[in-house]
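Listing of start30.cif, mmCIF, C-alpha atoms
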```cif
data_structure
#
loop_
_atom_site.group_PDB
_atom_site.id
_atom_site.type_symbol
_atom_site.label_atom_id
_atom_site.label_comp_id
_atom_site.auth_asym_id
_atom_site.auth_seq_id
_atom_site.Cartn_x
_atom_site.Cartn_y
_atom_site.Cartn_z
ATOM 1 C CA MET I 204 -10.589 -0.051 -13.315
ATOM 2 C CA THR I 205 -9.328 -2.570 -15.817
ATOM 3 C CA ARG I 206 -6.981 -5.532 -15.796
ATOM 4 C CA ILE I 207 -3.561 -6.433 -17.065
ATOM 5 C CA PHE I 208 -1.810 -9.734 -17.569
ATOM 6 C CA THR I 209 1.428 -10.432 -15.739
ATOM 7 C CA ASP I 210 4.460 -12.154 -17.245
ATOM 8 C CA ASP I 211 3.239 -15.531 -15.996
ATOM 9 C CA GLY I 212 -0.175 -15.054 -17.636
ATOM 10 C CA GLN I 213 -2.117 -14.176 -14.476
ATOM 11 C CA SER I 214 -4.863 -11.531 -14.610
ATOM 12 C CA ALA I 215 -4.384 -8.628 -12.185
ATOM 13 C CA PRO I 216 -7.053 -5.995 -11.396
ATOM 14 C CA VAL I 217 -5.655 -2.475 -11.679
ATOM 15 C CA THR I 218 -6.805 1.129 -11.453
ATOM 16 C CA VAL I 219 -5.497 3.690 -13.941
ATOM 17 C CA ILE I 220 -5.064 7.153 -12.407
ATOM 18 C CA GLN I 221 -4.199 10.397 -14.143
ATOM 19 C CA ALA I 222 -1.694 11.802 -11.659
ATOM 20 C CA GLY I 223 -0.769 15.367 -12.495
ATOM 21 C CA PRO I 224 1.070 17.240 -13.579
ATOM 22 C CA CYS I 225 0.858 19.101 -10.259
ATOM 23 C CA MET I 226 2.451 22.371 -9.203
ATOM 24 C CA VAL I 227 4.236 23.242 -5.961
ATOM 25 C CA VAL I 228 2.377 26.418 -4.967
ATOM 26 C CA GLN I 229 3.920 27.069 -1.557
ATOM 27 C CA ARG I 230 6.854 25.737 0.470
ATOM 28 C CA LYS I 231 6.288 25.810 4.226
ATOM 29 C CA THR I 232 9.293 25.688 6.564
ATOM 30 C CA THR I 233 9.871 25.146 10.251
ATOM 31 C CA GLN I 234 11.381 28.605 10.692
ATOM 32 C CA ARG I 235 8.424 30.451 9.167
ATOM 33 C CA ASP I 236 5.423 28.142 9.614
ATOM 34 C CA GLY I 237 6.455 25.750 12.382
ATOM 35 C CA TYR I 238 6.499 22.631 10.206
ATOM 36 C CA GLU I 239 7.780 21.321 6.886
ATOM 37 C CA ALA I 240 5.254 20.866 4.069
ATOM 38 C CA ILE I 241 4.461 21.701 0.469
ATOM 39 C CA GLN I 242 1.194 23.012 -0.876
ATOM 40 C CA VAL I 243 0.401 21.300 -4.172
ATOM 41 C CA GLY I 244 -2.033 22.565 -6.810
ATOM 42 C CA TYR I 245 -3.719 20.505 -9.490
ATOM 43 C CA LYS I 246 -5.616 21.467 -12.660
ATOM 44 C CA GLN I 247 -5.498 25.065 -13.862
ATOM 45 C CA ARG I 248 -8.597 27.208 -13.531
ATOM 46 C CA LYS I 249 -9.630 30.483 -15.137
ATOM 47 C CA ARG I 250 -8.764 33.755 -13.410
ATOM 48 C CA ARG I 251 -12.403 34.892 -13.404
ATOM 49 C CA ARG I 252 -13.380 31.760 -11.489
ATOM 50 C CA THR I 253 -10.831 32.437 -8.737
ATOM 51 C CA ASN I 254 -11.600 34.872 -5.927
ATOM 52 C CA SER I 255 -9.296 37.786 -5.174
ATOM 53 C CA PRO I 256 -7.489 36.383 -2.090
ATOM 54 C CA MET I 257 -6.626 33.140 -3.874
ATOM 55 C CA THR I 258 -5.621 35.029 -7.013
ATOM 56 C CA GLY I 259 -3.139 37.041 -4.947
ATOM 57 C CA HIS I 260 -1.878 33.823 -3.358
ATOM 58 C CA PHE I 261 -1.048 32.414 -6.788
ATOM 59 C CA GLU I 262 0.092 35.553 -8.598
ATOM 60 C CA SER I 263 2.516 36.566 -5.834
ATOM 61 C CA ARG I 264 4.380 33.365 -6.698
ATOM 62 C CA GLY I 265 3.996 33.691 -10.458
ATOM 63 C CA ILE I 266 1.761 30.616 -10.695
ATOM 64 C CA THR I 267 -1.414 30.120 -12.724
ATOM 65 C CA PRO I 268 -4.484 29.664 -10.446
ATOM 66 C CA GLN I 269 -5.123 26.021 -9.601
ATOM 67 C CA LYS I 270 -8.502 24.360 -9.042
ATOM 68 C CA TYR I 271 -7.444 22.019 -6.217
ATOM 69 C CA LEU I 272 -4.994 22.641 -3.372
ATOM 70 C CA ARG I 273 -3.665 19.992 -1.007
ATOM 71 C CA GLU I 274 -0.871 20.027 1.548
ATOM 72 C CA PHE I 275 1.690 17.255 2.068
ATOM 73 C CA ARG I 276 4.191 16.965 4.892
ATOM 74 C CA VAL I 277 7.815 16.590 3.790
ATOM 75 C CA SER I 278 11.161 16.355 5.535
ATOM 76 C CA GLY I 279 13.461 19.339 5.771
ATOM 77 C CA GLU I 280 16.063 17.618 3.589
ATOM 78 C CA GLU I 281 13.748 17.306 0.585
ATOM 79 C CA GLU I 282 14.251 20.077 -1.955
ATOM 80 C CA TYR I 283 11.025 21.508 -3.350
ATOM 81 C CA GLN I 284 10.754 24.940 -4.929
ATOM 82 C CA GLU I 285 7.670 27.073 -5.470
ATOM 83 C CA GLY I 286 6.647 26.749 -9.109
ATOM 84 C CA GLN I 287 8.210 23.286 -9.449
ATOM 85 C CA GLU I 288 6.200 20.808 -11.530
ATOM 86 C CA LEU I 289 5.535 17.353 -10.097
ATOM 87 C CA THR I 290 4.835 14.489 -12.498
ATOM 88 C CA VAL I 291 4.322 10.742 -12.236
ATOM 89 C CA GLU I 292 8.075 10.318 -12.609
ATOM 90 C CA ILE I 293 8.451 10.826 -8.848
ATOM 91 C CA PHE I 294 6.936 7.317 -8.483
ATOM 92 C CA GLN I 295 8.516 4.010 -9.459
ATOM 93 C CA GLU I 296 7.198 0.593 -10.400
ATOM 94 C CA GLY I 297 6.973 -1.718 -7.413
ATOM 95 C CA GLN I 298 6.612 1.183 -4.984
ATOM 96 C CA LEU I 299 3.948 0.981 -2.248
ATOM 97 C CA VAL I 300 1.554 3.928 -2.027
ATOM 98 C CA ASP I 301 -1.466 5.004 0.022
ATOM 99 C CA VAL I 302 -4.427 6.381 -1.939
ATOM 100 C CA THR I 303 -6.967 8.662 -0.231
ATOM 101 C CA GLY I 304 -10.328 9.658 -1.689
ATOM 102 C CA ILE I 305 -13.993 10.264 -0.905
ATOM 103 C CA SER I 306 -15.886 6.982 -1.064
ATOM 104 C CA LYS I 307 -19.029 6.609 -3.146
ATOM 105 C CA GLY I 308 -22.148 7.855 -1.353
ATOM 106 C CA ARG I 309 -24.799 5.147 -0.896
ATOM 107 C CA GLY I 310 -27.404 7.289 0.824
ATOM 108 C CA PHE I 311 -29.356 6.215 3.909
ATOM 109 C CA ALA I 312 -28.847 2.483 4.432
ATOM 110 C CA GLY I 313 -29.984 -0.091 6.951
ATOM 111 C CA VAL I 314 -27.723 -2.316 9.000
ATOM 112 C CA VAL I 315 -27.978 -5.276 6.598
ATOM 113 C CA LYS I 316 -26.509 -3.271 3.715
ATOM 114 C CA ARG I 317 -24.316 -0.985 5.817
ATOM 115 C CA TYR I 318 -22.711 -3.512 8.166
ATOM 116 C CA GLY I 319 -23.654 -6.924 6.812
ATOM 117 C CA PHE I 320 -26.095 -7.942 9.569
ATOM 118 C CA HIS I 321 -27.800 -11.207 8.635
ATOM 119 C CA GLY I 322 -31.296 -9.993 9.619
ATOM 120 C CA GLY I 323 -34.101 -11.843 11.330
ATOM 121 C CA PRO I 324 -35.978 -15.000 10.362
ATOM 122 C CA ALA I 325 -37.450 -15.049 6.866
ATOM 123 C CA SER I 326 -40.489 -17.120 7.833
ATOM 124 C CA HIS I 327 -44.043 -15.909 7.239
ATOM 125 C CA GLY I 328 -44.744 -15.305 10.906
ATOM 126 C CA SER I 329 -41.672 -13.205 11.526
ATOM 127 C CA LYS I 330 -42.266 -9.477 11.671
ATOM 128 C CA VAL I 331 -38.569 -8.543 11.748
ATOM 129 C CA HIS I 332 -36.554 -9.233 8.589
ATOM 130 C CA ARG I 333 -33.918 -6.495 8.160
ATOM 131 C CA SER I 334 -34.269 -4.565 11.407
ATOM 132 C CA LEU I 335 -31.607 -3.749 13.972
ATOM 133 C CA GLN I 336 -33.432 -5.681 16.726
ATOM 134 C CA SER I 337 -32.628 -4.667 20.310
ATOM 135 C CA ALA I 338 -30.118 -1.799 20.419
ATOM 136 C CA GLY I 339 -29.872 -0.680 24.064
ATOM 137 C CA ALA I 340 -28.687 -2.306 27.258
ATOM 138 C CA THR I 341 -31.321 -3.071 29.914
ATOM 139 C CA ASP I 342 -29.457 -1.378 32.757
ATOM 140 C CA ALA I 343 -28.094 1.794 31.141
ATOM 141 C CA GLN I 344 -31.349 2.437 29.212
ATOM 142 C CA ARG I 345 -29.547 4.398 26.535
ATOM 143 C CA ILE I 346 -27.679 3.835 23.271
ATOM 144 C CA PHE I 347 -23.912 3.697 23.701
ATOM 145 C CA PRO I 348 -21.761 5.741 21.304
ATOM 146 C CA GLY I 349 -20.480 3.709 18.374
ATOM 147 C CA GLN I 350 -23.512 1.436 18.208
ATOM 148 C CA ARG I 351 -23.952 0.207 14.632
ATOM 149 C CA MET I 352 -27.271 1.571 13.414
ATOM 150 C CA PRO I 353 -28.938 2.681 10.167
ATOM 151 C CA GLY I 354 -27.544 5.901 8.693
ATOM 152 C CA GLN I 355 -25.672 7.458 5.799
ATOM 153 C CA MET I 356 -23.392 4.988 4.036
ATOM 154 C CA GLY I 357 -20.292 6.123 2.196
ATOM 155 C CA ASN I 358 -19.315 9.679 1.206
ATOM 156 C CA LYS I 359 -16.436 9.636 3.692
ATOM 157 C CA ARG I 360 -12.705 10.150 3.442
ATOM 158 C CA VAL I 361 -11.133 6.707 2.987
ATOM 159 C CA THR I 362 -7.490 5.666 2.636
ATOM 160 C CA THR I 363 -6.448 2.397 1.006
ATOM 161 C CA GLN I 364 -2.963 1.505 2.173
ATOM 162 C CA GLY I 365 -0.129 -0.510 0.702
ATOM 163 C CA LEU I 366 -1.141 -0.540 -2.978
ATOM 164 C CA THR I 367 1.560 -1.485 -5.471
ATOM 165 C CA ILE I 368 2.427 0.597 -8.531
ATOM 166 C CA VAL I 369 2.666 -1.749 -11.513
ATOM 167 C CA GLY I 370 3.078 0.835 -14.274
ATOM 168 C CA VAL I 371 4.189 4.445 -14.835
ATOM 169 C CA ASN I 372 3.390 6.302 -18.069
ATOM 170 C CA PRO I 373 5.135 9.724 -18.067
ATOM 171 C CA GLU I 374 3.862 10.628 -21.561
ATOM 172 C CA ASP I 375 0.198 10.631 -20.471
ATOM 173 C CA ASN I 376 0.767 11.204 -16.716
ATOM 174 C CA LEU I 377 -0.796 7.861 -15.850
ATOM 175 C CA LEU I 378 -0.204 5.594 -12.871
ATOM 176 C CA VAL I 379 -1.299 1.955 -12.972
ATOM 177 C CA ILE I 380 -1.978 0.732 -9.430
ATOM 178 C CA LYS I 381 -2.840 -2.831 -8.502
ATOM 179 C CA GLY I 382 -6.210 -3.032 -6.760
ATOM 180 C CA SER I 383 -9.069 -0.568 -6.274
ATOM 181 C CA VAL I 384 -9.023 2.961 -4.887
ATOM 182 C CA PRO I 385 -11.771 4.908 -3.066
ATOM 183 C CA GLY I 386 -14.254 7.031 -4.948
ATOM 184 C CA PRO I 387 -16.136 7.121 -8.256
ATOM 185 C CA LYS I 388 -14.760 7.407 -11.772
ATOM 186 C CA GLY I 389 -13.229 10.829 -12.234
ATOM 187 C CA GLY I 390 -12.964 11.382 -8.477
ATOM 188 C CA LEU I 391 -10.087 13.309 -6.900
ATOM 189 C CA VAL I 392 -7.538 11.233 -4.979
ATOM 190 C CA GLU I 393 -4.312 11.867 -3.080
ATOM 191 C CA ILE I 394 -1.362 9.551 -3.648
ATOM 192 C CA ARG I 395 1.528 9.413 -1.209
ATOM 193 C CA VAL I 396 4.333 7.002 -0.363
ATOM 194 C CA SER I 397 2.915 4.282 1.870
ATOM 195 C CA ASN I 398 3.597 4.267 5.594
ATOM 196 C CA LYS I 399 4.251 0.539 5.214
ATOM 197 C CA ALA I 400 7.102 1.272 2.828
ATOM 198 C CA GLN I 401 8.576 3.802 5.268
ATOM 199 C CA ARG I 402 8.456 1.281 8.138
ATOM 200 C CA ASN I 403 10.238 -1.319 6.007
#
```
Take the structure I supplied and represent it as structure tokens, if you would.
Amino acid sequence: MTRIFTDDGQSAPVTVIQAGPCMVVQRKTTQRDGYEAIQVGYKQRKRRRTNSPMTGHFESRGITPQKYLREFRVSGEEEYQEGQELTVEIFQEGQLVDVTGISKGRGFAGVVKRYGFHGGPASHGSKVHRSLQSAGATDAQRIFPGQRMPGQMGNKRVTTQGLTIVGVNPEDNLLVIKGSVPGPKGGLVEIRVSNKAQRN
């Protein structure tokens, strides 16, 4: 993340993402597959690091093996061809996008860190400072599903919705998005047109 200054001199937090170039590996259609989608590959990988089934999947379409494959639903009217290159030019400044990634893993965490519980009294006589306290009902005598308890924090698929694109750099395949996105530096993310934009 970094920041930029708007025309009126205000500081805006932004995330710079290297988006592509990506390759359309496969076009799925309603007639053949039952739904409309494209399979998109990102970042070339060496042939010797690709197993035989995946090598055949790529070579049958005349495409260099790709390290990452993701599928995106599209409408039947949209024209995508196998082997087509997708760049940041498909996005525009001011457009709303949803960004999906794997959040940073925080390991095993208690309820104070994981959910923001305020904890027990901090006095010397108190023996409960950061504990969950009572967790079960007195009549059911069991823990109900969904009860907030200590456990693994982070390392989950997270989508941040309605982020605004404030800059597009086709020369370096960079997108400048206002706000933060899930995941660590160098993490893999998916960027798609926001559902909020489609509703509007």
Between CA of Met356 (chain I) and CA of Gly319 (chain I) - distance in Å to one decimal: 12.2 Å
Please list as a PDB file with C-alpha atoms, in the frame of the given file every residue within 9 Å of Leu299 (chain I), counting all atoms listed in the file and excluding residues in the same chain fewer than 5 positions away.
```pdb
ATOM      1  CA  GLN I 364      -2.963   1.505   2.173  1.00  0.00           C
ATOM      2  CA  GLY I 365      -0.129  -0.510   0.702  1.00  0.00           C
ATOM      3  CA  LEU I 366      -1.141  -0.540  -2.978  1.00  0.00           C
ATOM      4  CA  THR I 367       1.560  -1.485  -5.471  1.00  0.00           C
ATOM      5  CA  ILE I 368       2.427   0.597  -8.531  1.00  0.00           C
ATOM      6  CA  ARG I 395       1.528   9.413  -1.209  1.00  0.00           C
ATOM      7  CA  VAL I 396       4.333   7.002  -0.363  1.00  0.00           C
ATOM      8  CA  SER I 397       2.915   4.282   1.870  1.00  0.00           C
ATOM      9  CA  ASN I 398       3.597   4.267   5.594  1.00  0.00           C
ATOM     10  CA  LYS I 399       4.251   0.539   5.214  1.00  0.00           C
ATOM     11  CA  ALA I 400       7.102   1.272   2.828  1.00  0.00           C
TER      12      ALA I 400
END
```
Return as a PDB file with C-alpha atoms, in the frame of the given file the set of residues that the PyMOL selection byres ((chain I and resi 313) around 8) yields on the displayed structure.
```pdb
ATOM      1  CA  PHE I 311     -29.356   6.215   3.909  1.00  0.00           C
ATOM      2  CA  ALA I 312     -28.847   2.483   4.432  1.00  0.00           C
ATOM      3  CA  VAL I 314     -27.723  -2.316   9.000  1.00  0.00           C
ATOM      4  CA  VAL I 315     -27.978  -5.276   6.598  1.00  0.00           C
ATOM      5  CA  LYS I 316     -26.509  -3.271   3.715  1.00  0.00           C
ATOM      6  CA  ARG I 317     -24.316  -0.985   5.817  1.00  0.00           C
ATOM      7  CA  ARG I 333     -33.918  -6.495   8.160  1.00  0.00           C
ATOM      8  CA  SER I 334     -34.269  -4.565  11.407  1.00  0.00           C
ATOM      9  CA  MET I 352     -27.271   1.571  13.414  1.00  0.00           C
ATOM     10  CA  PRO I 353     -28.938   2.681  10.167  1.00  0.00           C
ATOM     11  CA  GLY I 354     -27.544   5.901   8.693  1.00  0.00           C
TER      12      GLY I 354
END
```
Can you give me, as a ChimeraX atom specification, the residues this file yields under the PyMOL selection byres ((chain I and resi 291) around 6)? /I:290,292-294,373,376
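The coordinates place CA of Asn254 (chain I) at 25.5 Å from CA of Arg235 (chain I).
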Pairwise distance for CA of Lys381 (chain I) and CA of Lys307 (chain I), rounded to one decimal in Å: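 Interatomic distance here is 19.5 Å.
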As a check of understanding, name the residues that the PyMOL selection byres ((chain I and resi 332) around 12) selects in the supplied structure, as a PyMOL selection string. chain I and resi 313-315+320-331+333-336
Taking (2.6, 30.2, -2.8) in the file's own coordinates, collect the residues within 6 Å, counting all atoms listed in the file, and hand them back as an MDAnalysis selection string. chainID I and resid 228:229 260:261 264
